[in-house]
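For reference, the structure is listed below as structure tokens.
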Amino acid sequence: MRRDFEYIVLGLGGWGSAAAYWLSRRAGADVLGLEQFELGHVRGESQDHSRIIRLSYHTPAYVELAKHAYRAWAEVERDAGERLVLKTGGLDFARRESAIPLSNYSGSMDAAGVPYERLDASEIRRRWPQLAVTDDVHGLFQPESGIAMAARGNAAHVRMARAHGATLLDRMPVERLRPVDGEIEVTAGGSAYRCRRLMIAAGAWSNGALTHFGVHLPLRVTLEQVTYFATPHPEEFQPDRFPIWIWMDDPCFYGFPIFGEAGPKVGQDAGGEEVTANTRTFEPDQAALKRTVDFLGRYIPRLLGPIIYTKTCLYTLTPDRDFVLDTLPGHPNVAVGIGGGHGFKFASLTGRILSDLAIDGRTERNIEPFRIDRAVLQLANPPANYMV
Ligand SMILES: Cc1cc2nc3c(=O)[nH]c(=O)nc-3n(C[C@H](O)[C@H](O)[C@H](O)COP(=O)(O)OP(=O)(O)OC[C@H]3O[C@@H](n4cnc5c(N)ncnc54)[C@H](O)[C@@H]3O)c2cc1C
């Protein structure tokens, strides 16, 4: 088996499989991807039927980036010959004095020229009688929002990367990384590989990989969960009748119409306990589930029904919730990408950015906010703000 490659991707979750795909479009057989578990495993962050994709974001920079994310997914859809994004429209809603101000979202969309509608409570109830909102609630509706089909998207990236000539190996834990003569030696599964450029997309395991370059980031890994409910009114929660939604307050909840399972999915954002990727359990947090059920009982009661299942998943949180997307200080041939617990919608784009950084040493996208040397990432115990 070949051991020398131009490009190696460490980690084949959402972001890494996308990086391997975009690299393979330009570099074909010169690409190796290494994944420690089986492809499509559920121990990381990227594997479920659905993730929210939206233009509605809290800064104009994210809105601009999200426009490019839709374009990147559309290119993969064309290449793979299958649909990976389903537009349902999206509702951001909250009480008028909420922890996450809707004005940040409307202001960012205004700045980026993205159309949306402002809705008061009576208009929300008129459009979606499923939402029992009180009169103090208002919302923003953006029609491009929808579902990024996570498991399908990952599988498409993997399949098409291989079709373009890349070698992707699973059950291949990377044990050691070592700069040698301007290249990187990668030891995985007991074998040594060499590459000119390395991309690290290791999610909750990022610090384990970065430590080989003397880098440690103040990341917090949390055990999050989503629950599918067997609503007794499935006709009201179909994707053509019910949007993706985010309750913009603390606690923050979000949800999907019926997609992939027999009922809609709901979760609390950043509501989980701190864990490590290797010692986490797969046990649902009953207190978090109760918070979710209480919220639904108040605002979306017709969604509630028997629990189909609760699925756990990891967030890798930076203190400011912004991504890390950069090359390593002192190692311009090593790039790293970390999704900050909201990165799936961007996966294909960030994969493309990582591949551009590797091949061209630059990207046309604005990744300045995601620098690895930004001040908050230099602190050992930085203050954290996840409600953005
Ligand atoms: C419950 C939940 C809901 C979410 N909802 C949304 C949403 O609605 N919209 C959205 O945009 N985002 C959402 N996110 C966030 C999003 O899913 C993540 O930001 C994104 O999937 C991160 O992908 P990743 O590739 O960085 O991580 P992962 O998919 O975890 O990939 C990292 C991979 O690296 C591998 N790896 C690590 N170390 C090694 C090693 N040493 N050797 C080999 N392989 C290694 C791991 O095994 C893993 O497969 C959600 C996340 C969760 C948990």
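By convention here, the chains of the structure tokens are called A, B, ... in the order presented, each chain's residues are numbered starting at 1, and ligands are numbered starting at 1 in the order presented.
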Name the residues in contact with Thr222 (chain A) at a cut-off of 6 Å, using only C-alpha atoms, excluding same-chain residues fewer than 2 positions from it; report them as a PDB file with N, CA and C atoms, in the first residue's frame.
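Printed below is selection_14.pdb as written:
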ATOM      1  N   GLY A 272     -25.778  20.465  27.600  1.00  0.00           N
ATOM      2  CA  GLY A 272     -25.253  19.225  28.162  1.00  0.00           C
ATOM      3  C   GLY A 272     -24.096  19.420  29.124  1.00  0.00           C
ATOM      4  N   GLU A 273     -23.777  18.343  29.816  1.00  0.00           N
ATOM      5  CA  GLU A 273     -22.675  18.344  30.779  1.00  0.00           C
ATOM      6  C   GLU A 273     -21.347  18.197  30.050  1.00  0.00           C
ATOM      7  N   GLU A 274     -20.285  18.710  30.685  1.00  0.00           N
ATOM      8  CA  GLU A 274     -18.951  18.559  30.107  1.00  0.00           C
ATOM      9  C   GLU A 274     -18.492  17.102  30.238  1.00  0.00           C
ATOM     10  N   VAL A 275     -17.911  16.586  29.187  1.00  0.00           N
ATOM     11  CA  VAL A 275     -17.430  15.194  29.167  1.00  0.00           C
ATOM     12  C   VAL A 275     -16.102  15.172  28.409  1.00  0.00           C
ATOM     13  N   LEU A 314     -21.840  14.771  20.615  1.00  0.00           N
ATOM     14  CA  LEU A 314     -20.891  15.692  21.262  1.00  0.00           C
ATOM     15  C   LEU A 314     -20.888  17.066  20.598  1.00  0.00           C
ATOM     16  N   TYR A 315     -20.707  18.100  21.400  1.00  0.00           N
ATOM     17  CA  TYR A 315     -20.354  19.430  20.896  1.00  0.00           C
ATOM     18  C   TYR A 315     -18.881  19.663  21.249  1.00  0.00           C
TER      19      TYR A 315
END
| task | Using DSSP on the backbone coordinates, identify the residues of region 82-137 of chain A assigned to strand (DSSP E); present them as a VMD selection string. | result | chain A and resid 85 to 87 90 to 95 117 to 120 137
Export of the given selection (all heavy atoms) as a short mmCIF file (atom, residue, chain, number, x, y, z; two decimals), in the first residue's frame:
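Saved result, again_34.cif, follows:
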data_model
loop_
_atom_site.label_atom_id
_atom_site.label_comp_id
_atom_site.auth_asym_id
_atom_site.auth_seq_id
_atom_site.Cartn_x
_atom_site.Cartn_y
_atom_site.Cartn_z
N VAL A 85 -29.75 18.78 0.68
CA VAL A 85 -30.34 19.88 1.46
C VAL A 85 -31.83 19.96 1.12
O VAL A 85 -32.19 19.91 -0.05
CB VAL A 85 -29.66 21.23 1.12
CG1 VAL A 85 -30.39 22.40 1.76
CG2 VAL A 85 -28.20 21.21 1.58
N LEU A 86 -32.66 20.06 2.16
CA LEU A 86 -34.10 20.19 1.95
C LEU A 86 -34.56 21.51 2.57
O LEU A 86 -34.44 21.69 3.79
CB LEU A 86 -34.83 19.02 2.64
CG LEU A 86 -36.35 19.06 2.62
CD1 LEU A 86 -36.87 18.92 1.18
CD2 LEU A 86 -36.92 17.95 3.49
N LYS A 87 -35.05 22.42 1.75
CA LYS A 87 -35.48 23.72 2.28
C LYS A 87 -36.89 23.61 2.86
O LYS A 87 -37.80 23.13 2.19
CB LYS A 87 -35.43 24.78 1.19
CG LYS A 87 -34.01 25.10 0.78
CD LYS A 87 -33.92 26.20 -0.23
CE LYS A 87 -32.45 26.33 -0.67
NZ LYS A 87 -32.27 27.23 -1.81
N GLY A 90 -37.30 28.63 7.87
CA GLY A 90 -36.86 28.56 9.26
C GLY A 90 -37.42 29.70 10.08
O GLY A 90 -37.48 30.84 9.61
N LEU A 91 -37.83 29.38 11.29
CA LEU A 91 -38.37 30.40 12.20
C LEU A 91 -37.46 30.54 13.40
O LEU A 91 -37.22 29.56 14.13
CB LEU A 91 -39.78 29.99 12.66
CG LEU A 91 -40.44 30.95 13.64
CD1 LEU A 91 -40.80 32.27 12.95
CD2 LEU A 91 -41.69 30.32 14.26
N ASP A 92 -36.91 31.74 13.61
CA ASP A 92 -36.23 32.08 14.87
C ASP A 92 -37.26 32.81 15.70
O ASP A 92 -37.80 33.82 15.25
CB ASP A 92 -35.04 33.02 14.60
CG ASP A 92 -34.01 32.40 13.68
OD1 ASP A 92 -33.82 31.18 13.72
OD2 ASP A 92 -33.39 33.16 12.90
N PHE A 93 -37.56 32.35 16.90
CA PHE A 93 -38.57 33.06 17.69
C PHE A 93 -38.20 33.09 19.16
O PHE A 93 -37.39 32.29 19.63
CB PHE A 93 -39.98 32.51 17.42
CG PHE A 93 -40.26 31.10 17.90
CD1 PHE A 93 -41.38 30.82 18.67
CD2 PHE A 93 -39.44 30.04 17.55
CE1 PHE A 93 -41.67 29.53 19.09
CE2 PHE A 93 -39.72 28.73 17.96
CZ PHE A 93 -40.83 28.49 18.74
N ALA A 94 -38.76 34.08 19.86
CA ALA A 94 -38.40 34.29 21.26
C ALA A 94 -39.34 35.31 21.86
O ALA A 94 -40.03 36.03 21.13
CB ALA A 94 -36.97 34.83 21.36
N ARG A 95 -39.34 35.39 23.20
CA ARG A 95 -40.01 36.52 23.85
C ARG A 95 -39.22 37.78 23.53
O ARG A 95 -38.03 37.71 23.23
CB ARG A 95 -40.09 36.28 25.36
CG ARG A 95 -41.21 35.34 25.74
CD ARG A 95 -41.28 35.23 27.24
NE ARG A 95 -40.03 34.70 27.75
CZ ARG A 95 -39.88 33.51 28.31
NH1 ARG A 95 -40.92 32.71 28.44
NH2 ARG A 95 -38.72 33.11 28.76
N GLU A 117 -38.74 37.77 6.91
CA GLU A 117 -39.97 38.43 7.38
C GLU A 117 -39.94 38.54 8.90
O GLU A 117 -39.52 37.60 9.57
CB GLU A 117 -41.18 37.61 6.98
CG GLU A 117 -41.45 37.56 5.50
CD GLU A 117 -42.60 36.61 5.22
OE1 GLU A 117 -43.76 37.05 5.25
OE2 GLU A 117 -42.32 35.41 4.99
N ARG A 118 -40.45 39.68 9.39
CA ARG A 118 -40.65 39.83 10.84
C ARG A 118 -42.09 39.42 11.15
O ARG A 118 -43.01 39.92 10.49
CB ARG A 118 -40.48 41.29 11.26
CG ARG A 118 -39.07 41.80 11.13
CD ARG A 118 -39.07 43.30 11.43
NE ARG A 118 -37.82 43.89 11.02
CZ ARG A 118 -36.71 43.94 11.78
NH1 ARG A 118 -36.74 43.43 12.99
NH2 ARG A 118 -35.61 44.48 11.32
N LEU A 119 -42.27 38.55 12.11
CA LEU A 119 -43.61 38.06 12.42
C LEU A 119 -43.95 38.36 13.88
O LEU A 119 -43.11 38.16 14.76
CB LEU A 119 -43.69 36.55 12.21
CG LEU A 119 -43.22 36.01 10.85
CD1 LEU A 119 -43.35 34.49 10.81
CD2 LEU A 119 -43.99 36.64 9.69
N ASP A 120 -45.19 38.84 14.11
CA ASP A 120 -45.63 38.95 15.51
C ASP A 120 -46.34 37.66 15.90
O ASP A 120 -46.52 36.75 15.08
CB ASP A 120 -46.47 40.21 15.73
CG ASP A 120 -47.76 40.18 14.94
OD1 ASP A 120 -48.14 39.10 14.42
OD2 ASP A 120 -48.40 41.25 14.82
N VAL A 137 -44.34 37.03 22.17
CA VAL A 137 -43.34 36.36 21.32
C VAL A 137 -43.32 37.01 19.93
O VAL A 137 -44.35 37.43 19.41
CB VAL A 137 -43.69 34.86 21.20
CG1 VAL A 137 -42.87 34.18 20.11
CG2 VAL A 137 -43.46 34.16 22.54
#
| request: Show which residues sit within 7 Å of region 296-313 of chain A, as a PyMOL selection string. Count only C-alpha atoms, and ignore same-chain residues fewer than 2 positions away. | output: chain A and resi 43-45+130-133+223-233+282+284+292-294+315
Selection above as a file: N, CA, C and O atoms, as a compact mmCIF listing (two decimals), in the first residue's frame:
# COMPACT_ATOMS: atom_id res chain seq x y z
N ARG A 43 -19.99 8.16 17.42
CA ARG A 43 -19.29 8.63 18.62
C ARG A 43 -18.89 10.10 18.53
O ARG A 43 -18.39 10.67 19.48
N GLY A 44 -19.05 10.70 17.35
CA GLY A 44 -18.61 12.08 17.16
C GLY A 44 -19.77 13.06 17.12
O GLY A 44 -20.69 12.96 17.94
N GLU A 45 -19.72 13.97 16.15
CA GLU A 45 -20.68 15.08 16.14
C GLU A 45 -21.59 15.11 14.93
O GLU A 45 -22.49 15.93 14.87
N GLN A 130 -49.64 24.98 15.01
CA GLN A 130 -48.94 24.05 15.92
C GLN A 130 -48.19 24.82 17.00
O GLN A 130 -47.85 24.26 18.04
N LEU A 131 -47.86 26.10 16.75
CA LEU A 131 -47.07 26.90 17.71
C LEU A 131 -48.00 27.72 18.60
O LEU A 131 -48.65 28.66 18.13
N ALA A 132 -48.05 27.34 19.87
CA ALA A 132 -48.96 28.02 20.81
C ALA A 132 -48.23 29.19 21.46
O ALA A 132 -48.04 29.22 22.67
N VAL A 133 -47.80 30.15 20.65
CA VAL A 133 -46.99 31.23 21.23
C VAL A 133 -47.86 32.28 21.90
O VAL A 133 -48.97 32.56 21.46
N LEU A 223 -21.85 16.74 26.29
CA LEU A 223 -22.71 15.64 25.83
C LEU A 223 -24.10 16.21 25.57
O LEU A 223 -24.82 16.56 26.51
N GLU A 224 -24.45 16.33 24.32
CA GLU A 224 -25.74 16.90 23.93
C GLU A 224 -26.68 15.78 23.50
O GLU A 224 -26.27 14.64 23.35
N GLN A 225 -27.95 16.14 23.28
CA GLN A 225 -28.89 15.10 22.85
C GLN A 225 -30.05 15.69 22.07
O GLN A 225 -30.37 16.87 22.20
N VAL A 226 -30.63 14.85 21.24
CA VAL A 226 -31.86 15.21 20.51
C VAL A 226 -32.86 14.08 20.74
O VAL A 226 -32.47 12.94 20.97
N THR A 227 -34.15 14.43 20.67
CA THR A 227 -35.20 13.43 20.91
C THR A 227 -36.21 13.47 19.77
O THR A 227 -36.63 14.56 19.35
N TYR A 228 -36.55 12.30 19.28
CA TYR A 228 -37.62 12.17 18.28
C TYR A 228 -38.91 11.82 19.02
O TYR A 228 -38.93 10.89 19.83
N PHE A 229 -39.98 12.56 18.73
CA PHE A 229 -41.27 12.35 19.39
C PHE A 229 -42.29 11.82 18.38
O PHE A 229 -42.42 12.37 17.28
N ALA A 230 -43.03 10.78 18.78
CA ALA A 230 -44.09 10.24 17.91
C ALA A 230 -45.34 11.09 18.10
O ALA A 230 -46.27 10.72 18.83
N THR A 231 -45.35 12.26 17.46
CA THR A 231 -46.50 13.13 17.60
C THR A 231 -47.77 12.42 17.11
O THR A 231 -47.74 11.72 16.09
N PRO A 232 -48.90 12.62 17.81
CA PRO A 232 -50.15 12.04 17.30
C PRO A 232 -50.69 12.81 16.09
O PRO A 232 -51.70 12.41 15.52
N HIS A 233 -49.99 13.91 15.70
CA HIS A 233 -50.47 14.72 14.57
C HIS A 233 -49.39 14.82 13.49
O HIS A 233 -48.95 15.93 13.14
N PHE A 282 -23.45 7.13 26.51
CA PHE A 282 -24.47 7.32 25.49
C PHE A 282 -25.85 7.42 26.15
O PHE A 282 -26.87 7.27 25.50
N PRO A 284 -29.04 9.09 27.77
CA PRO A 284 -29.74 10.37 27.74
C PRO A 284 -29.78 11.03 29.12
O PRO A 284 -29.84 10.35 30.14
N THR A 292 -36.78 19.94 27.83
CA THR A 292 -37.28 19.98 26.44
C THR A 292 -38.78 19.72 26.41
O THR A 292 -39.54 20.42 25.74
N VAL A 293 -39.21 18.70 27.16
CA VAL A 293 -40.64 18.36 27.18
C VAL A 293 -41.45 19.51 27.77
O VAL A 293 -42.52 19.86 27.27
N ASP A 294 -40.93 20.13 28.83
CA ASP A 294 -41.64 21.28 29.43
C ASP A 294 -41.79 22.41 28.42
O ASP A 294 -42.84 23.04 28.31
N TYR A 315 -20.71 18.10 21.40
CA TYR A 315 -20.35 19.43 20.90
C TYR A 315 -18.88 19.66 21.25
O TYR A 315 -18.46 19.33 22.36
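The residue that comes closest to ligand 1, out of A:Ala112, A:Ala66, A:Ile367, A:Leu12 and on the basis of only C-alpha atoms and all ligand atoms, is A:Leu12.
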| said: Which residues are near ligand 1 - at most 6 Å, using only C-alpha atoms and all ligand atoms? Format: as a VMD selection string. | reply: chain A and resid 10 to 16 34 to 37 44 to 46 51 to 53 172 to 175 201 to 203 205 209 224 to 226 313 to 315 338 to 345
| request: Please provide as a ChimeraX atom specification all residues within 9 Å of Ile372 (chain A), with the sequence filter that same-chain residues fewer than 4 positions apart are discarded (counting only C-alpha atoms). | output: /A:217,323-329,336,377-378
Residue subset to file, keeping N, CA, C and O atoms, as a PDB file, in the first residue's frame:
ATOM      1  N   LEU A 217      -5.893  23.923  22.886  1.00  0.00           N
ATOM      2  CA  LEU A 217      -6.947  24.949  22.829  1.00  0.00           C
ATOM      3  C   LEU A 217      -7.909  24.766  24.001  1.00  0.00           C
ATOM      4  O   LEU A 217      -8.182  23.624  24.416  1.00  0.00           O
ATOM      5  N   PHE A 323     -15.747  29.124  14.999  1.00  0.00           N
ATOM      6  CA  PHE A 323     -14.955  27.998  14.515  1.00  0.00           C
ATOM      7  C   PHE A 323     -13.474  28.247  14.746  1.00  0.00           C
ATOM      8  O   PHE A 323     -13.042  29.372  15.008  1.00  0.00           O
ATOM      9  N   VAL A 324     -12.703  27.186  14.594  1.00  0.00           N
ATOM     10  CA  VAL A 324     -11.267  27.315  14.352  1.00  0.00           C
ATOM     11  C   VAL A 324     -11.050  26.833  12.924  1.00  0.00           C
ATOM     12  O   VAL A 324     -11.480  25.724  12.573  1.00  0.00           O
ATOM     13  N   LEU A 325     -10.453  27.679  12.108  1.00  0.00           N
ATOM     14  CA  LEU A 325     -10.220  27.339  10.705  1.00  0.00           C
ATOM     15  C   LEU A 325      -8.974  28.095  10.291  1.00  0.00           C
ATOM     16  O   LEU A 325      -9.018  29.282   9.964  1.00  0.00           O
ATOM     17  N   ASP A 326      -7.824  27.407  10.361  1.00  0.00           N
ATOM     18  CA  ASP A 326      -6.560  28.126  10.236  1.00  0.00           C
ATOM     19  C   ASP A 326      -5.429  27.111  10.052  1.00  0.00           C
ATOM     20  O   ASP A 326      -5.625  25.914  10.282  1.00  0.00           O
ATOM     21  N   THR A 327      -4.261  27.627   9.704  1.00  0.00           N
ATOM     22  CA  THR A 327      -3.068  26.781   9.775  1.00  0.00           C
ATOM     23  C   THR A 327      -2.433  26.981  11.152  1.00  0.00           C
ATOM     24  O   THR A 327      -2.713  27.970  11.840  1.00  0.00           O
ATOM     25  N   LEU A 328      -1.585  26.051  11.540  1.00  0.00           N
ATOM     26  CA  LEU A 328      -0.988  26.138  12.881  1.00  0.00           C
ATOM     27  C   LEU A 328       0.190  27.102  12.889  1.00  0.00           C
ATOM     28  O   LEU A 328       1.009  27.079  11.959  1.00  0.00           O
ATOM     29  N   PRO A 329       0.297  27.924  13.940  1.00  0.00           N
ATOM     30  CA  PRO A 329       1.452  28.810  14.048  1.00  0.00           C
ATOM     31  C   PRO A 329       2.744  27.983  13.979  1.00  0.00           C
ATOM     32  O   PRO A 329       2.878  26.985  14.684  1.00  0.00           O
ATOM     33  N   VAL A 336      -6.221  23.195  10.594  1.00  0.00           N
ATOM     34  CA  VAL A 336      -7.147  22.587  11.556  1.00  0.00           C
ATOM     35  C   VAL A 336      -8.529  23.206  11.390  1.00  0.00           C
ATOM     36  O   VAL A 336      -8.654  24.403  11.102  1.00  0.00           O
ATOM     37  N   LEU A 377      -8.610  32.254  22.618  1.00  0.00           N
ATOM     38  CA  LEU A 377      -8.061  30.891  22.569  1.00  0.00           C
ATOM     39  C   LEU A 377      -6.680  30.808  23.213  1.00  0.00           C
ATOM     40  O   LEU A 377      -6.116  29.715  23.347  1.00  0.00           O
ATOM     41  N   GLN A 378      -6.150  31.968  23.616  1.00  0.00           N
ATOM     42  CA  GLN A 378      -4.833  31.954  24.283  1.00  0.00           C
ATOM     43  C   GLN A 378      -4.979  31.809  25.792  1.00  0.00           C
ATOM     44  O   GLN A 378      -4.006  31.585  26.497  1.00  0.00           O
TER      45      GLN A 378
END
| message | To one decimal place in Å, what is the distance between CA of Phe242 (chain A) and CA of Pro257 (chain A)? | response |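 Rounded to one decimal, the two atoms are 5.6 Å apart.
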| query | In region 232-388 of chain A, what's alpha helix (DSSP H) per DSSP? Answer as a PyMOL selection string? | reply | chain A and resi 286-299+347-360
| query | Between A:Ala69, A:Ala384, A:Ala288, A:Leu168, which one has atoms that come closest to Gly267 (chain A), using only C-alpha atoms? | reply | A:Ala288
| said: Need to verify the contact set: Leu349 (chain A), 9 Å, only C-alpha atoms, exclusion of same-chain residues closer than 2 positions in sequence. Can you return it as a list in words? | reply: Trp15, Ala18, Ala19, Leu65, Ala66, His68, Ala69, Tyr70, Arg71, Ala72, Trp73, Lys345, Phe346, Ala347, Gly351, Arg352, Ile353 and Leu354 of chain A
| With distances taken over only C-alpha atoms, which of A:Val388, A:Ala192, A:Val158, A:Val63 is nearest to Pro251 (chain A)? |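 Comparing A:Val388, A:Ala192, A:Val158, A:Val63 against Pro251 (chain A), the winner is A:Val388.
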| said: With distances taken over only C-alpha atoms, which residue among A:Met109, A:Val9, A:Ala151, A:Gly139 lies nearest Gln47 (chain A)? | reply: A:Ala151
Contacts of Gly214 (chain A) within 12 Å, only C-alpha atoms, excl. fewer than 4 positions in-chain, as a PDB file with all heavy atoms, in the first residue's frame:
ATOM      1  N   LEU A 177       1.999  12.292  15.292  1.00  0.00           N
ATOM      2  CA  LEU A 177       2.240  13.216  14.180  1.00  0.00           C
ATOM      3  C   LEU A 177       3.597  13.841  14.432  1.00  0.00           C
ATOM      4  O   LEU A 177       3.880  14.275  15.555  1.00  0.00           O
ATOM      5  CB  LEU A 177       1.157  14.308  14.160  1.00  0.00           C
ATOM      6  CG  LEU A 177      -0.283  13.814  14.001  1.00  0.00           C
ATOM      7  CD1 LEU A 177      -1.277  14.928  14.330  1.00  0.00           C
ATOM      8  CD2 LEU A 177      -0.509  13.327  12.570  1.00  0.00           C
ATOM      9  N   ARG A 178       4.423  13.902  13.376  1.00  0.00           N
ATOM     10  CA  ARG A 178       5.783  14.403  13.601  1.00  0.00           C
ATOM     11  C   ARG A 178       6.261  15.151  12.359  1.00  0.00           C
ATOM     12  O   ARG A 178       6.239  14.579  11.251  1.00  0.00           O
ATOM     13  CB  ARG A 178       6.711  13.208  13.863  1.00  0.00           C
ATOM     14  CG  ARG A 178       8.040  13.564  14.493  1.00  0.00           C
ATOM     15  CD  ARG A 178       8.671  12.309  15.070  1.00  0.00           C
ATOM     16  NE  ARG A 178       9.032  11.358  14.025  1.00  0.00           N
ATOM     17  CZ  ARG A 178      10.260  11.215  13.513  1.00  0.00           C
ATOM     18  NH1 ARG A 178      11.248  11.968  13.955  1.00  0.00           N
ATOM     19  NH2 ARG A 178      10.516  10.316  12.577  1.00  0.00           N
ATOM     20  N   PRO A 179       6.653  16.432  12.526  1.00  0.00           N
ATOM     21  CA  PRO A 179       7.252  17.125  11.386  1.00  0.00           C
ATOM     22  C   PRO A 179       8.615  16.531  11.064  1.00  0.00           C
ATOM     23  O   PRO A 179       9.436  16.360  11.967  1.00  0.00           O
ATOM     24  CB  PRO A 179       7.405  18.575  11.888  1.00  0.00           C
ATOM     25  CG  PRO A 179       6.668  18.656  13.185  1.00  0.00           C
ATOM     26  CD  PRO A 179       6.585  17.272  13.733  1.00  0.00           C
ATOM     27  N   ASN A 207      -7.690  18.298  20.563  1.00  0.00           N
ATOM     28  CA  ASN A 207      -6.479  18.565  21.355  1.00  0.00           C
ATOM     29  C   ASN A 207      -5.529  17.365  21.363  1.00  0.00           C
ATOM     30  O   ASN A 207      -4.313  17.549  21.456  1.00  0.00           O
ATOM     31  CB  ASN A 207      -6.841  18.984  22.783  1.00  0.00           C
ATOM     32  CG  ASN A 207      -7.093  20.487  22.868  1.00  0.00           C
ATOM     33  OD1 ASN A 207      -6.439  21.277  22.178  1.00  0.00           O
ATOM     34  ND2 ASN A 207      -8.058  20.881  23.701  1.00  0.00           N
ATOM     35  N   GLY A 208      -6.077  16.162  21.233  1.00  0.00           N
ATOM     36  CA  GLY A 208      -5.236  14.968  21.158  1.00  0.00           C
ATOM     37  C   GLY A 208      -4.327  15.000  19.937  1.00  0.00           C
ATOM     38  O   GLY A 208      -3.186  14.544  19.980  1.00  0.00           O
ATOM     39  N   ALA A 209      -4.841  15.545  18.842  1.00  0.00           N
ATOM     40  CA  ALA A 209      -4.020  15.645  17.624  1.00  0.00           C
ATOM     41  C   ALA A 209      -3.095  16.858  17.694  1.00  0.00           C
ATOM     42  O   ALA A 209      -1.927  16.792  17.308  1.00  0.00           O
ATOM     43  CB  ALA A 209      -4.930  15.733  16.398  1.00  0.00           C
ATOM     44  N   LEU A 210      -3.619  17.974  18.228  1.00  0.00           N
ATOM     45  CA  LEU A 210      -2.833  19.218  18.239  1.00  0.00           C
ATOM     46  C   LEU A 210      -1.644  19.141  19.186  1.00  0.00           C
ATOM     47  O   LEU A 210      -0.633  19.829  18.993  1.00  0.00           O
ATOM     48  CB  LEU A 210      -3.729  20.399  18.628  1.00  0.00           C
ATOM     49  CG  LEU A 210      -4.807  20.757  17.590  1.00  0.00           C
ATOM     50  CD1 LEU A 210      -5.777  21.794  18.164  1.00  0.00           C
ATOM     51  CD2 LEU A 210      -4.169  21.287  16.305  1.00  0.00           C
ATOM     52  N   LEU A 328      -1.585  26.051  11.540  1.00  0.00           N
ATOM     53  CA  LEU A 328      -0.988  26.138  12.881  1.00  0.00           C
ATOM     54  C   LEU A 328       0.190  27.102  12.889  1.00  0.00           C
ATOM     55  O   LEU A 328       1.009  27.079  11.959  1.00  0.00           O
ATOM     56  CB  LEU A 328      -0.484  24.765  13.329  1.00  0.00           C
ATOM     57  CG  LEU A 328      -1.509  23.661  13.529  1.00  0.00           C
ATOM     58  CD1 LEU A 328      -0.839  22.447  14.187  1.00  0.00           C
ATOM     59  CD2 LEU A 328      -2.673  24.134  14.371  1.00  0.00           C
ATOM     60  N   PRO A 329       0.297  27.924  13.940  1.00  0.00           N
ATOM     61  CA  PRO A 329       1.452  28.810  14.048  1.00  0.00           C
ATOM     62  C   PRO A 329       2.744  27.983  13.979  1.00  0.00           C
ATOM     63  O   PRO A 329       2.878  26.985  14.684  1.00  0.00           O
ATOM     64  CB  PRO A 329       1.286  29.446  15.442  1.00  0.00           C
ATOM     65  CG  PRO A 329      -0.153  29.246  15.806  1.00  0.00           C
ATOM     66  CD  PRO A 329      -0.616  28.018  15.084  1.00  0.00           C
ATOM     67  N   GLY A 330       3.636  28.374  13.100  1.00  0.00           N
ATOM     68  CA  GLY A 330       4.908  27.653  12.968  1.00  0.00           C
ATOM     69  C   GLY A 330       4.817  26.417  12.098  1.00  0.00           C
ATOM     70  O   GLY A 330       5.839  25.795  11.800  1.00  0.00           O
ATOM     71  N   HIS A 331       3.609  26.035  11.699  1.00  0.00           N
ATOM     72  CA  HIS A 331       3.439  24.845  10.843  1.00  0.00           C
ATOM     73  C   HIS A 331       2.437  25.177   9.731  1.00  0.00           C
ATOM     74  O   HIS A 331       1.288  24.727   9.751  1.00  0.00           O
ATOM     75  CB  HIS A 331       2.914  23.654  11.653  1.00  0.00           C
ATOM     76  CG  HIS A 331       3.828  23.236  12.756  1.00  0.00           C
ATOM     77  ND1 HIS A 331       4.953  22.474  12.535  1.00  0.00           N
ATOM     78  CD2 HIS A 331       3.794  23.500  14.079  1.00  0.00           C
ATOM     79  CE1 HIS A 331       5.573  22.268  13.683  1.00  0.00           C
ATOM     80  NE2 HIS A 331       4.893  22.891  14.645  1.00  0.00           N
TER      81      HIS A 331
END
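Atom to atom, CA of Leu379 (chain A) and CA of Arg176 (chain A) stand 25.8 Å apart.
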| request: Choose the residue, out of A:His216, A:Asp181, A:Met387, A:Leu102, that has the smallest atom-to-atom separation from Gln268 (chain A); count only C-alpha atoms. | output: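 Between A:His216, A:Asp181, A:Met387, A:Leu102, the residue approaching Gln268 (chain A) most closely is A:Met387.
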| field | Interatomic distance (Å, one decimal) between CA of Ser98 (chain A) and CA of Gly263 (chain A) | value | 28.4 Å
